[in-house]
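See below for coords_7.txt, which holds compact mmCIF, C-alpha atoms and all ligand atoms.
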# COMPACT_ATOMS: atom_id res chain seq x y z
CA MET A 1 50.06 65.07 126.55
CA ARG A 2 48.91 63.73 123.17
CA THR A 3 49.44 59.99 122.77
CA GLN A 4 50.80 58.96 119.40
CA ALA A 5 48.19 57.26 117.20
CA VAL A 6 49.38 53.87 116.01
CA LEU A 7 49.16 52.72 112.44
CA ASP A 8 47.31 49.38 112.38
CA ALA A 9 47.58 46.62 109.79
CA ALA A 10 44.18 47.35 108.26
CA THR A 11 45.11 50.99 107.66
CA VAL A 12 48.44 50.03 106.08
CA GLU A 13 46.62 47.53 103.87
CA SER A 14 44.12 50.14 102.69
CA LEU A 15 46.89 52.68 101.98
CA LEU A 16 48.80 50.14 99.91
CA THR A 17 45.67 49.05 98.04
CA ALA A 18 45.12 52.66 97.05
CA ALA A 19 48.78 53.12 96.09
CA VAL A 20 48.92 50.13 93.73
CA ALA A 21 45.71 51.20 91.94
CA ALA A 22 47.78 53.94 90.27
CA PRO A 23 48.37 53.81 86.53
CA SER A 24 51.82 52.69 85.43
CA ILE A 25 53.47 52.42 82.07
CA HIS A 26 52.45 49.06 80.53
CA ASN A 27 51.06 48.21 84.00
CA THR A 28 54.60 47.39 85.11
CA GLN A 29 53.76 48.53 88.68
CA PRO A 30 57.40 49.55 89.13
CA TRP A 31 57.16 50.13 92.89
CA ARG A 32 57.85 48.40 96.16
CA PHE A 33 56.85 49.52 99.61
CA ARG A 34 58.62 49.14 102.89
CA LEU A 35 57.05 49.95 106.21
CA ASP A 36 59.09 51.38 109.04
CA PRO A 37 56.51 50.90 111.81
CA GLY A 38 58.59 52.62 114.50
CA ASN A 39 58.60 55.89 112.61
CA GLN A 40 55.27 55.35 110.87
CA VAL A 41 56.96 55.76 107.50
CA LEU A 42 55.97 54.05 104.29
CA GLU A 43 58.92 54.01 101.93
CA VAL A 44 58.31 53.83 98.20
CA HIS A 45 61.12 52.16 96.25
CA SER A 46 61.59 51.56 92.56
CA ALA A 47 61.34 47.95 91.40
CA PRO A 48 64.44 47.54 89.21
CA GLU A 49 63.19 44.26 87.76
CA ARG A 50 60.10 45.93 86.32
CA THR A 51 61.58 48.54 84.01
CA LEU A 52 61.43 49.00 80.24
CA PRO A 53 65.05 49.33 79.08
CA LEU A 54 64.19 50.28 75.48
CA THR A 55 60.99 52.25 75.95
CA ASP A 56 62.06 54.04 79.11
CA PRO A 57 65.88 53.98 79.38
CA MET A 58 66.05 57.02 81.70
CA HIS A 59 63.27 55.61 83.94
CA ARG A 60 61.27 58.82 83.58
CA ALA A 61 58.01 56.96 82.91
CA GLN A 62 58.79 54.72 85.86
CA TYR A 63 59.09 57.80 88.09
CA LEU A 64 55.80 59.15 86.72
CA SER A 65 54.15 55.85 87.64
CA VAL A 66 55.66 55.86 91.14
CA GLY A 67 54.63 59.52 91.58
CA ALA A 68 51.05 58.52 90.76
CA ALA A 69 51.21 55.79 93.44
CA VAL A 70 52.57 58.32 95.97
CA PHE A 71 49.66 60.63 95.22
CA ASN A 72 47.19 57.81 95.92
CA LEU A 73 49.01 57.01 99.18
CA ARG A 74 48.67 60.62 100.29
CA LEU A 75 45.01 60.75 99.40
CA ALA A 76 44.28 57.46 101.17
CA ALA A 77 46.19 58.57 104.28
CA VAL A 78 44.09 61.72 104.54
CA HIS A 79 40.97 59.65 103.91
CA GLN A 80 41.93 57.46 106.88
CA GLY A 81 42.40 60.56 109.03
CA TRP A 82 46.21 60.67 108.91
CA ARG A 83 48.43 63.62 108.06
CA PRO A 84 50.98 62.50 105.42
CA GLU A 85 54.34 64.21 105.09
CA VAL A 86 55.95 63.32 101.78
CA LYS A 87 59.67 63.54 101.09
CA LEU A 88 60.81 62.87 97.55
CA LEU A 89 64.23 61.23 97.11
CA PRO A 90 64.89 61.48 100.85
CA ASP A 91 68.27 59.72 100.90
CA PRO A 92 71.01 60.52 98.36
CA HIS A 93 72.78 57.29 99.40
CA GLU A 94 69.77 55.20 98.44
CA PRO A 95 68.81 56.25 94.90
CA GLY A 96 66.12 53.58 94.62
CA LEU A 97 64.25 55.09 97.55
CA LEU A 98 61.98 57.42 95.61
CA ALA A 99 59.72 58.72 98.36
CA ALA A 100 59.05 58.43 102.08
CA VAL A 101 55.53 59.07 103.34
CA ARG A 102 55.51 59.69 107.08
CA LEU A 103 52.18 59.64 108.82
CA THR A 104 52.85 62.32 111.37
CA GLY A 105 49.61 61.98 113.32
CA PRO A 106 45.87 62.43 113.10
CA LEU A 107 44.57 65.18 110.85
CA GLY A 108 44.05 68.41 112.69
CA ALA A 109 41.43 71.11 112.25
CA GLU A 110 43.98 73.15 110.28
CA ASP A 111 44.62 70.35 107.75
CA GLN A 112 42.95 70.01 104.38
CA PRO A 113 40.14 67.45 104.91
CA SER A 114 39.63 64.36 102.79
CA ASP A 115 37.94 64.76 99.41
CA PRO A 116 35.69 61.68 99.22
CA ASP A 117 34.97 62.09 95.49
CA LEU A 118 38.66 62.13 94.66
CA TYR A 119 39.36 59.19 96.96
CA GLU A 120 36.57 57.11 95.43
CA ALA A 121 37.89 57.90 91.97
CA ILE A 122 41.06 55.91 92.79
CA ALA A 123 39.19 52.61 92.40
CA ARG A 124 36.93 53.81 89.58
CA ARG A 125 39.65 55.18 87.28
CA HIS A 126 40.66 52.93 84.41
CA THR A 127 42.43 53.76 81.20
CA SER A 128 39.79 53.82 78.44
CA ARG A 129 41.21 53.08 74.99
CA MET A 130 37.84 53.11 73.22
CA PRO A 131 36.47 55.97 71.09
CA PHE A 132 34.91 58.79 73.12
CA THR A 133 31.69 60.56 72.19
CA GLY A 134 33.32 63.88 71.32
CA ARG A 135 30.94 65.79 73.62
CA PRO A 136 32.91 68.85 74.76
CA VAL A 137 34.07 68.83 78.37
CA PRO A 138 32.83 71.99 80.15
CA GLU A 139 35.51 74.61 80.66
CA PRO A 140 35.25 74.65 84.50
CA ILE A 141 36.16 70.95 84.63
CA VAL A 142 39.17 71.50 82.36
CA ALA A 143 40.19 74.43 84.57
CA GLU A 144 39.93 72.21 87.63
CA MET A 145 42.16 69.63 85.98
CA ALA A 146 44.73 72.35 85.20
CA SER A 147 44.60 73.61 88.81
CA ALA A 148 45.15 70.06 90.05
CA ALA A 149 48.32 69.77 87.94
CA HIS A 150 49.52 73.13 89.21
CA ALA A 151 48.84 72.27 92.85
CA ALA A 152 51.05 69.18 92.47
CA GLY A 153 53.94 71.15 90.96
CA ALA A 154 53.32 70.59 87.24
CA ARG A 155 51.46 72.36 84.42
CA LEU A 156 48.68 71.27 82.11
CA HIS A 157 48.44 72.79 78.66
CA VAL A 158 45.19 72.31 76.75
CA PRO A 159 46.00 73.07 73.11
CA ASP A 160 43.70 74.57 70.49
CA ILE A 161 42.73 72.61 67.37
CA ALA A 162 45.99 73.34 65.56
CA GLY A 163 48.04 72.51 68.67
CA THR A 164 46.12 69.27 69.16
CA ARG A 165 46.76 68.31 65.55
CA ARG A 166 50.48 69.00 66.03
CA LEU A 167 50.69 66.79 69.15
CA LEU A 168 48.77 63.98 67.47
CA HIS A 169 51.04 64.24 64.46
CA LEU A 170 54.16 63.91 66.66
CA THR A 171 52.59 60.97 68.49
CA ALA A 172 51.81 59.30 65.17
CA ALA A 173 55.44 59.78 64.12
CA ALA A 174 56.58 58.12 67.37
CA GLU A 175 54.09 55.31 66.90
CA ALA A 176 55.45 54.67 63.38
CA ARG A 177 59.01 54.55 64.73
CA ASN A 178 57.99 52.13 67.48
CA HIS A 179 56.43 49.92 64.84
CA ALA A 180 59.60 49.91 62.78
CA HIS A 181 61.66 48.94 65.84
CA PRO A 182 61.27 45.17 66.37
CA ASP A 183 63.05 45.17 69.74
CA ARG A 184 60.79 47.86 71.17
CA THR A 185 57.73 46.10 69.81
CA ALA A 186 58.92 42.87 71.40
CA GLU A 187 59.49 44.63 74.74
CA THR A 188 55.96 46.05 74.69
CA LEU A 189 54.47 42.71 73.74
CA THR A 190 55.98 41.01 76.80
CA TRP A 191 53.64 43.16 78.94
CA ILE A 192 50.47 42.08 77.12
CA ASN A 193 48.70 39.15 78.75
CA ALA A 194 46.77 36.50 76.90
CA PRO A 195 43.15 36.04 78.01
CA GLY A 196 43.00 33.94 81.17
CA ALA A 197 46.62 34.63 82.19
CA SER A 198 47.03 34.87 85.95
CA THR A 199 49.95 37.30 86.18
CA PRO A 200 49.28 40.39 88.32
CA TYR A 201 51.41 42.61 86.03
CA GLY A 202 50.94 43.80 82.44
CA ILE A 203 47.89 44.66 80.36
CA PRO A 204 45.23 42.06 79.63
CA ALA A 205 44.44 41.84 75.92
CA THR A 206 40.82 42.70 76.84
CA ALA A 207 41.91 46.18 78.02
CA LEU A 208 43.41 47.10 74.64
CA GLY A 209 41.53 49.33 72.23
CA PRO A 210 40.92 49.38 68.49
CA PRO A 211 42.82 51.46 65.95
CA ASP A 212 41.10 54.59 64.61
CA ALA A 213 39.31 53.92 61.32
CA ALA A 214 40.08 57.49 60.24
CA GLY A 215 43.76 57.12 61.12
CA ARG A 216 43.70 60.38 63.09
CA MET A 217 44.09 59.05 66.63
CA PRO A 218 47.49 57.43 67.17
CA MET A 219 46.50 55.08 69.99
CA ARG A 220 49.39 52.84 70.98
CA ASP A 221 49.32 49.55 69.12
CA PHE A 222 50.43 47.05 71.76
CA THR A 223 49.94 44.05 69.47
CA GLY A 224 53.03 44.64 67.31
CA ALA A 225 53.72 41.70 65.10
CA LEU A 226 50.56 39.88 66.17
CA PRO A 227 47.87 41.59 64.08
CA ALA A 228 45.56 38.68 64.87
CA ARG A 229 45.17 40.20 68.35
CA ARG A 230 44.25 43.62 66.92
CA LEU A 231 40.61 44.69 67.23
CA PRO A 232 38.75 45.87 64.12
CA ALA A 233 39.12 49.61 63.55
CA LEU A 234 36.49 52.01 64.93
CA TRP A 235 35.82 55.72 64.36
CA PHE A 236 37.30 57.83 67.14
CA GLU A 237 36.06 61.27 68.18
CA ARG A 238 36.71 63.89 65.53
CA HIS A 239 37.61 66.64 67.97
CA VAL A 240 40.13 65.09 70.29
CA GLN A 241 40.38 66.68 73.74
CA LEU A 242 43.97 66.49 74.78
CA ALA A 243 46.21 67.98 77.46
CA LEU A 244 49.98 68.08 77.72
CA LEU A 245 51.42 67.59 81.21
CA TRP A 246 54.78 69.30 81.66
CA THR A 247 57.15 70.64 84.31
CA PRO A 248 59.51 73.64 84.22
CA HIS A 249 62.49 71.41 85.20
CA ASP A 250 63.49 67.90 84.23
CA ARG A 251 65.13 66.40 87.30
CA ARG A 252 64.19 63.12 89.00
CA GLU A 253 62.10 64.93 91.60
CA ASP A 254 60.26 66.74 88.79
CA TRP A 255 59.35 63.38 87.27
CA LEU A 256 57.93 62.27 90.64
CA ARG A 257 56.02 65.54 90.91
CA ALA A 258 54.72 65.14 87.37
CA GLY A 259 53.49 61.65 88.33
CA GLN A 260 51.62 63.01 91.33
CA ALA A 261 50.16 65.74 89.13
CA LEU A 262 49.18 63.19 86.50
CA GLN A 263 47.22 61.20 89.05
CA TYR A 264 45.62 64.33 90.52
CA VAL A 265 44.45 65.31 87.02
CA LEU A 266 43.18 61.80 86.18
CA LEU A 267 41.27 61.50 89.47
CA THR A 268 39.78 64.98 89.07
CA ALA A 269 38.59 64.01 85.60
CA THR A 270 37.24 60.66 86.85
CA ALA A 271 35.40 62.33 89.74
CA HIS A 272 33.59 64.43 87.09
CA GLY A 273 32.56 61.35 85.12
CA LEU A 274 35.23 61.73 82.41
CA ARG A 275 37.24 58.91 80.88
CA THR A 276 40.94 59.23 80.20
CA SER A 277 43.74 57.54 78.35
CA LEU A 278 47.40 58.38 77.92
CA LEU A 279 49.56 58.87 74.84
CA HIS A 280 53.20 58.59 75.82
CA GLN A 281 54.81 57.46 72.56
CA ALA A 282 56.32 60.84 71.57
CA MET A 283 58.06 61.08 74.96
CA GLU A 284 59.98 57.89 74.17
CA TRP A 285 62.04 59.51 71.38
CA PRO A 286 64.19 62.44 72.60
CA ASP A 287 63.75 64.58 69.46
CA LEU A 288 59.98 64.07 69.42
CA ARG A 289 59.73 64.79 73.14
CA ILE A 290 61.48 68.11 72.55
CA ALA A 291 59.18 68.81 69.62
CA THR A 292 56.08 68.39 71.83
CA ALA A 293 57.28 71.20 74.13
CA LEU A 294 55.34 74.46 74.00
CA PRO A 295 57.11 76.70 71.48
CA ARG A 296 56.65 79.84 73.58
CA HIS A 297 57.99 78.39 76.85
CA LYS A 298 61.74 78.28 77.25
CA ARG A 299 61.56 75.69 80.00
CA CYS A 300 58.86 73.22 79.11
CA HIS A 301 59.66 69.58 79.76
CA PRO A 302 56.77 67.46 78.47
CA HIS A 303 55.82 64.21 80.21
CA VAL A 304 52.66 62.73 78.76
CA LEU A 305 49.56 63.53 76.73
CA ILE A 306 46.23 63.00 78.49
CA ARG A 307 43.22 62.30 76.27
CA PHE A 308 39.95 63.00 78.05
CA GLY A 309 36.25 63.04 77.32
CA TYR A 310 33.00 61.17 77.76
CA GLY A 311 32.76 57.57 76.69
CA PRO A 312 32.85 53.95 77.76
CA ASP A 313 34.67 53.01 80.93
CA GLY A 314 38.00 51.25 80.64
CA VAL A 315 38.55 47.63 81.60
CA SER A 316 40.14 47.00 84.99
CA THR A 317 43.67 45.65 84.96
CA PRO A 318 45.29 43.33 87.51
CA ARG A 319 47.48 44.44 90.41
CA GLU A 320 49.93 42.73 92.69
CA SER A 321 48.35 43.32 96.10
CA GLY A 322 49.79 46.12 98.19
CA HIS A 323 50.48 43.62 100.94
CA SER A 324 52.66 41.36 98.83
CA VAL A 325 54.78 44.22 97.48
CA ALA A 326 55.46 45.53 100.99
CA ARG A 327 58.49 44.38 102.92
CA PRO A 328 59.34 45.21 106.51
CA ALA A 329 62.13 47.75 106.95
CA GLY A 330 65.56 46.20 106.58
CA PRO A 331 68.61 46.45 104.37
CA PRO A 332 67.89 48.25 101.11
CA ALA A 333 67.16 46.20 98.02
CA THR A 334 69.47 46.30 95.03
CA ASP A 335 67.97 49.50 93.68
CA THR A 336 69.96 51.36 91.09
CA GLU A 337 70.03 54.89 89.80
CA PRO A 338 68.51 55.48 86.37
CA GLY A 339 70.99 54.90 83.60
C1 LIG A 401 53.77 57.15 82.34
C2 LIG A 401 52.66 56.36 81.72
C3 LIG A 401 52.59 56.22 80.33
C4 LIG A 401 51.54 55.52 79.72
N1 LIG A 401 51.48 55.46 78.37
C5 LIG A 401 50.44 54.86 77.77
C6 LIG A 401 50.32 54.86 76.34
O1 LIG A 401 51.15 55.42 75.63
N2 LIG A 401 49.25 54.25 75.80
C7 LIG A 401 48.29 53.64 76.56
O2 LIG A 401 47.34 53.10 76.00
N3 LIG A 401 48.37 53.62 77.91
C8 LIG A 401 49.41 54.22 78.52
N4 LIG A 401 49.51 54.24 79.90
C9 LIG A 401 48.44 53.62 80.70
C10 LIG A 401 48.87 52.27 81.27
O3 LIG A 401 48.96 51.31 80.25
C11 LIG A 401 47.85 51.87 82.33
O4 LIG A 401 47.91 52.80 83.38
C12 LIG A 401 48.10 50.49 82.90
O5 LIG A 401 47.90 49.50 81.92
C13 LIG A 401 47.16 50.19 84.07
O6 LIG A 401 45.82 50.30 83.68
P1 LIG A 401 44.81 51.34 84.33
O7 LIG A 401 45.31 52.72 84.00
O8 LIG A 401 43.49 51.05 83.67
O9 LIG A 401 44.79 51.11 85.80
C14 LIG A 401 50.55 54.91 80.54
C15 LIG A 401 50.62 55.04 81.93
C16 LIG A 401 51.65 55.76 82.51
C17 LIG A 401 51.68 55.95 84.01

What does this structure look like when you write it as C-alpha cells?
Amino acid sequence: MRTQAVLDAATVESLLTAAVAAPSIHNTQPWRFRLDPGNQVLEVHSAPERTLPLTDPMHRAQYLSVGAAVFNLRLAAVHQGWRPEVKLLPDPHEPGLLAAVRLTGPLGAEDQPSDPDLYEAIARRHTSRMPFTGRPVPEPIVAEMASAAHAAGARLHVPDIAGTRRLLHLTAAAEARNHAHPDRTAETLTWINAPGASTPYGIPATALGPPDAAGRMPMRDFTGALPARRLPALWFERHVQLALLWTPHDRREDWLRAGQALQYVLLTATAHGLRTSLLHQAMEWPDLRIATALPRHKRCHPHVLIRFGYGPDGVSTPRESGHSVARPAGPPATDTEPG
C-alpha cells in the first residue's frame, strides 16, 4: 500500500512564493490562496479589493494575472516532486474561486519531469520597460514560445513588419485615449509607488521606463498628470519584436488559460536570456481590442501584446508574501463574479 505523501509547511511556502512572483496588471496581485490541507488542495481566489474598475471592468486582465500565478504554482509543484491537478473554475456556486490545484501525490515515472530552467526563470523574470538592442531573436526560440502558448491552450501570433506596425498603431491609439481620460489616468497612478514606499502592491517608480524618443513605441505612460516623474525619452529598438497572445474563445476559463500561456511564454523567453514587457492598452478599449484580432481568423480573441528581445533586465517589483495571502480553508470570502 502506498502511503500518502504529506504536504509540509516549507513546500506550501515555496509554492506560494513561486505563485506570487507572477506578473499582474499594475502589480495588483489580484489573488488569494486558501489551503485545504486535508485534501492537499491549494485554492486560488480572486481578490475583489484589488481590481481596476475602469481599466479592467470585465476582470479579464485580472484573470490573466491569476492564470499566470496558477502556472507558476504548477511549475513549482512539479519542481518539488508533486503531481498537480488543476481545475479551473471548479465550483459554479463560488465564482471567486478561480482555480483549485490538487497535489495528488509524488511525481511518477510517467509524469513530465521538472524543467529546472523554466522554474528558475520564475524568480529571474521581470518586466523590462527599457529599450532593447534590436538584435533579432533566433527563430527556434520564437517557435518555442509559440509552442508554449499552444501547450497551455492559447495561440501566439508573431506578426510581420506591417502587422507589427498595425498593432503598435492600435496600442498608440489606446494610449492616447487613456491619456485623455482623467479618471483612468488617476486609477493607474494609484498603483505607482513613490521611491521608498513600503507597500507590497503596485509598481515602484524605479521600475517604469522612458518614452520612445522616436515616438514609435507606445509604452504605457504610468505617470499621467505628473510629468515630473517621467524619465527623459530614449531611442527604442527600430524593429520591434512583438507577439499577440490570443485564444479561440473568450470565456472566463479562456482568460485563465491565456494567463497560464502568457506565463509559459514569458518564462520560456526568460530561460533563453530574453527580456519581455507587455502592452495591454489596446485590450482596454473594446473596439481597439477587436481591431487587434487577426483579420483572417474568425475566432481570434486577443489578450495582450508581448514585446521581447535582448536588453537590460527589468527592475524587481514588490510582492505580498505568499504566506500572508494564504488563509486556511473556511467560509468563502466575499468574492464576486466579474461585472
Ligand atoms: C494582464 C497584464 C497586463 C499588463 N499590461 C502592462 C502594460 O500595458 N504595460 C506595462 O508596462 N506593463 C504591463 N504589465 C506588467 C505589469 O505591470 C507587471 O507584471 C507588474 O508590475 C509586476 O512586475 P514584474 O512583471 O516585473 O514582476 C501587465 C501585466 C499583466 C499580467

- request: May I have the residues within 7 Å of ligand LIG 401 (chain A), computed using all atoms listed in the file, as number ranges by chain?
  value: A: 21-27, 61-62, 64-65, 125-129, 202-203, 219-220, 277-281, 304, 314-317

Please produce a file of the residues just selected, as a short mmCIF file (atom, residue, chain, number, x, y, z; two decimals), in the coordinates of the input, where the atoms kept are C-alpha atoms.
data_model
loop_
_atom_site.label_atom_id
_atom_site.label_comp_id
_atom_site.auth_asym_id
_atom_site.auth_seq_id
_atom_site.Cartn_x
_atom_site.Cartn_y
_atom_site.Cartn_z
CA ALA A 21 45.71 51.20 91.94
CA ALA A 22 47.78 53.94 90.27
CA PRO A 23 48.37 53.81 86.53
CA SER A 24 51.82 52.69 85.43
CA ILE A 25 53.47 52.42 82.07
CA HIS A 26 52.45 49.06 80.53
CA ASN A 27 51.06 48.21 84.00
CA ALA A 61 58.01 56.96 82.91
CA GLN A 62 58.79 54.72 85.86
CA LEU A 64 55.80 59.15 86.72
CA SER A 65 54.15 55.85 87.64
CA ARG A 125 39.65 55.18 87.28
CA HIS A 126 40.66 52.93 84.41
CA THR A 127 42.43 53.76 81.20
CA SER A 128 39.79 53.82 78.44
CA ARG A 129 41.21 53.08 74.99
CA GLY A 202 50.94 43.80 82.44
CA ILE A 203 47.89 44.66 80.36
CA MET A 219 46.50 55.08 69.99
CA ARG A 220 49.39 52.84 70.98
CA SER A 277 43.74 57.54 78.35
CA LEU A 278 47.40 58.38 77.92
CA LEU A 279 49.56 58.87 74.84
CA HIS A 280 53.20 58.59 75.82
CA GLN A 281 54.81 57.46 72.56
CA VAL A 304 52.66 62.73 78.76
CA GLY A 314 38.00 51.25 80.64
CA VAL A 315 38.55 47.63 81.60
CA SER A 316 40.14 47.00 84.99
CA THR A 317 43.67 45.65 84.96
#

- request: Tell me which protein, DNA and RNA residues are within 10 Å of Asp250 (chain A), counting all atoms listed in the file, leaving out same-chain ones fewer than 6 positions away, and put them as a ChimeraX atom specification.
  value: /A:60,258,299-303

message: Taking all atoms listed in the file into account, name the residue in A:Ala172, A:Ala143, A:Ile290, A:Ala121 that is nearest to Leu266 (chain A).
response: A:Ala121

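Take CA of Asn193 (chain A) and CA of Arg177 (chain A): the distance between them is 23.2 Å.
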
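With distances restricted to all atoms listed in the file, A:Tyr119 is the closest residue to Gln80 (chain A) from A:Trp31, A:Tyr119, A:Tyr63, A:Trp191.
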
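Counting all atoms listed in the file, the residue from A:Ala293, A:Leu98, A:Val86, A:Ala19 that sits nearest to Leu167 (chain A) is A:Ala293.
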
field: Protein and nucleic acid residues near (45.6, 65.6, 74.7) (cut-off 6 Å, all atoms listed in the file) as an NGL selection string
entry: :A and (241-244 or 305-307)
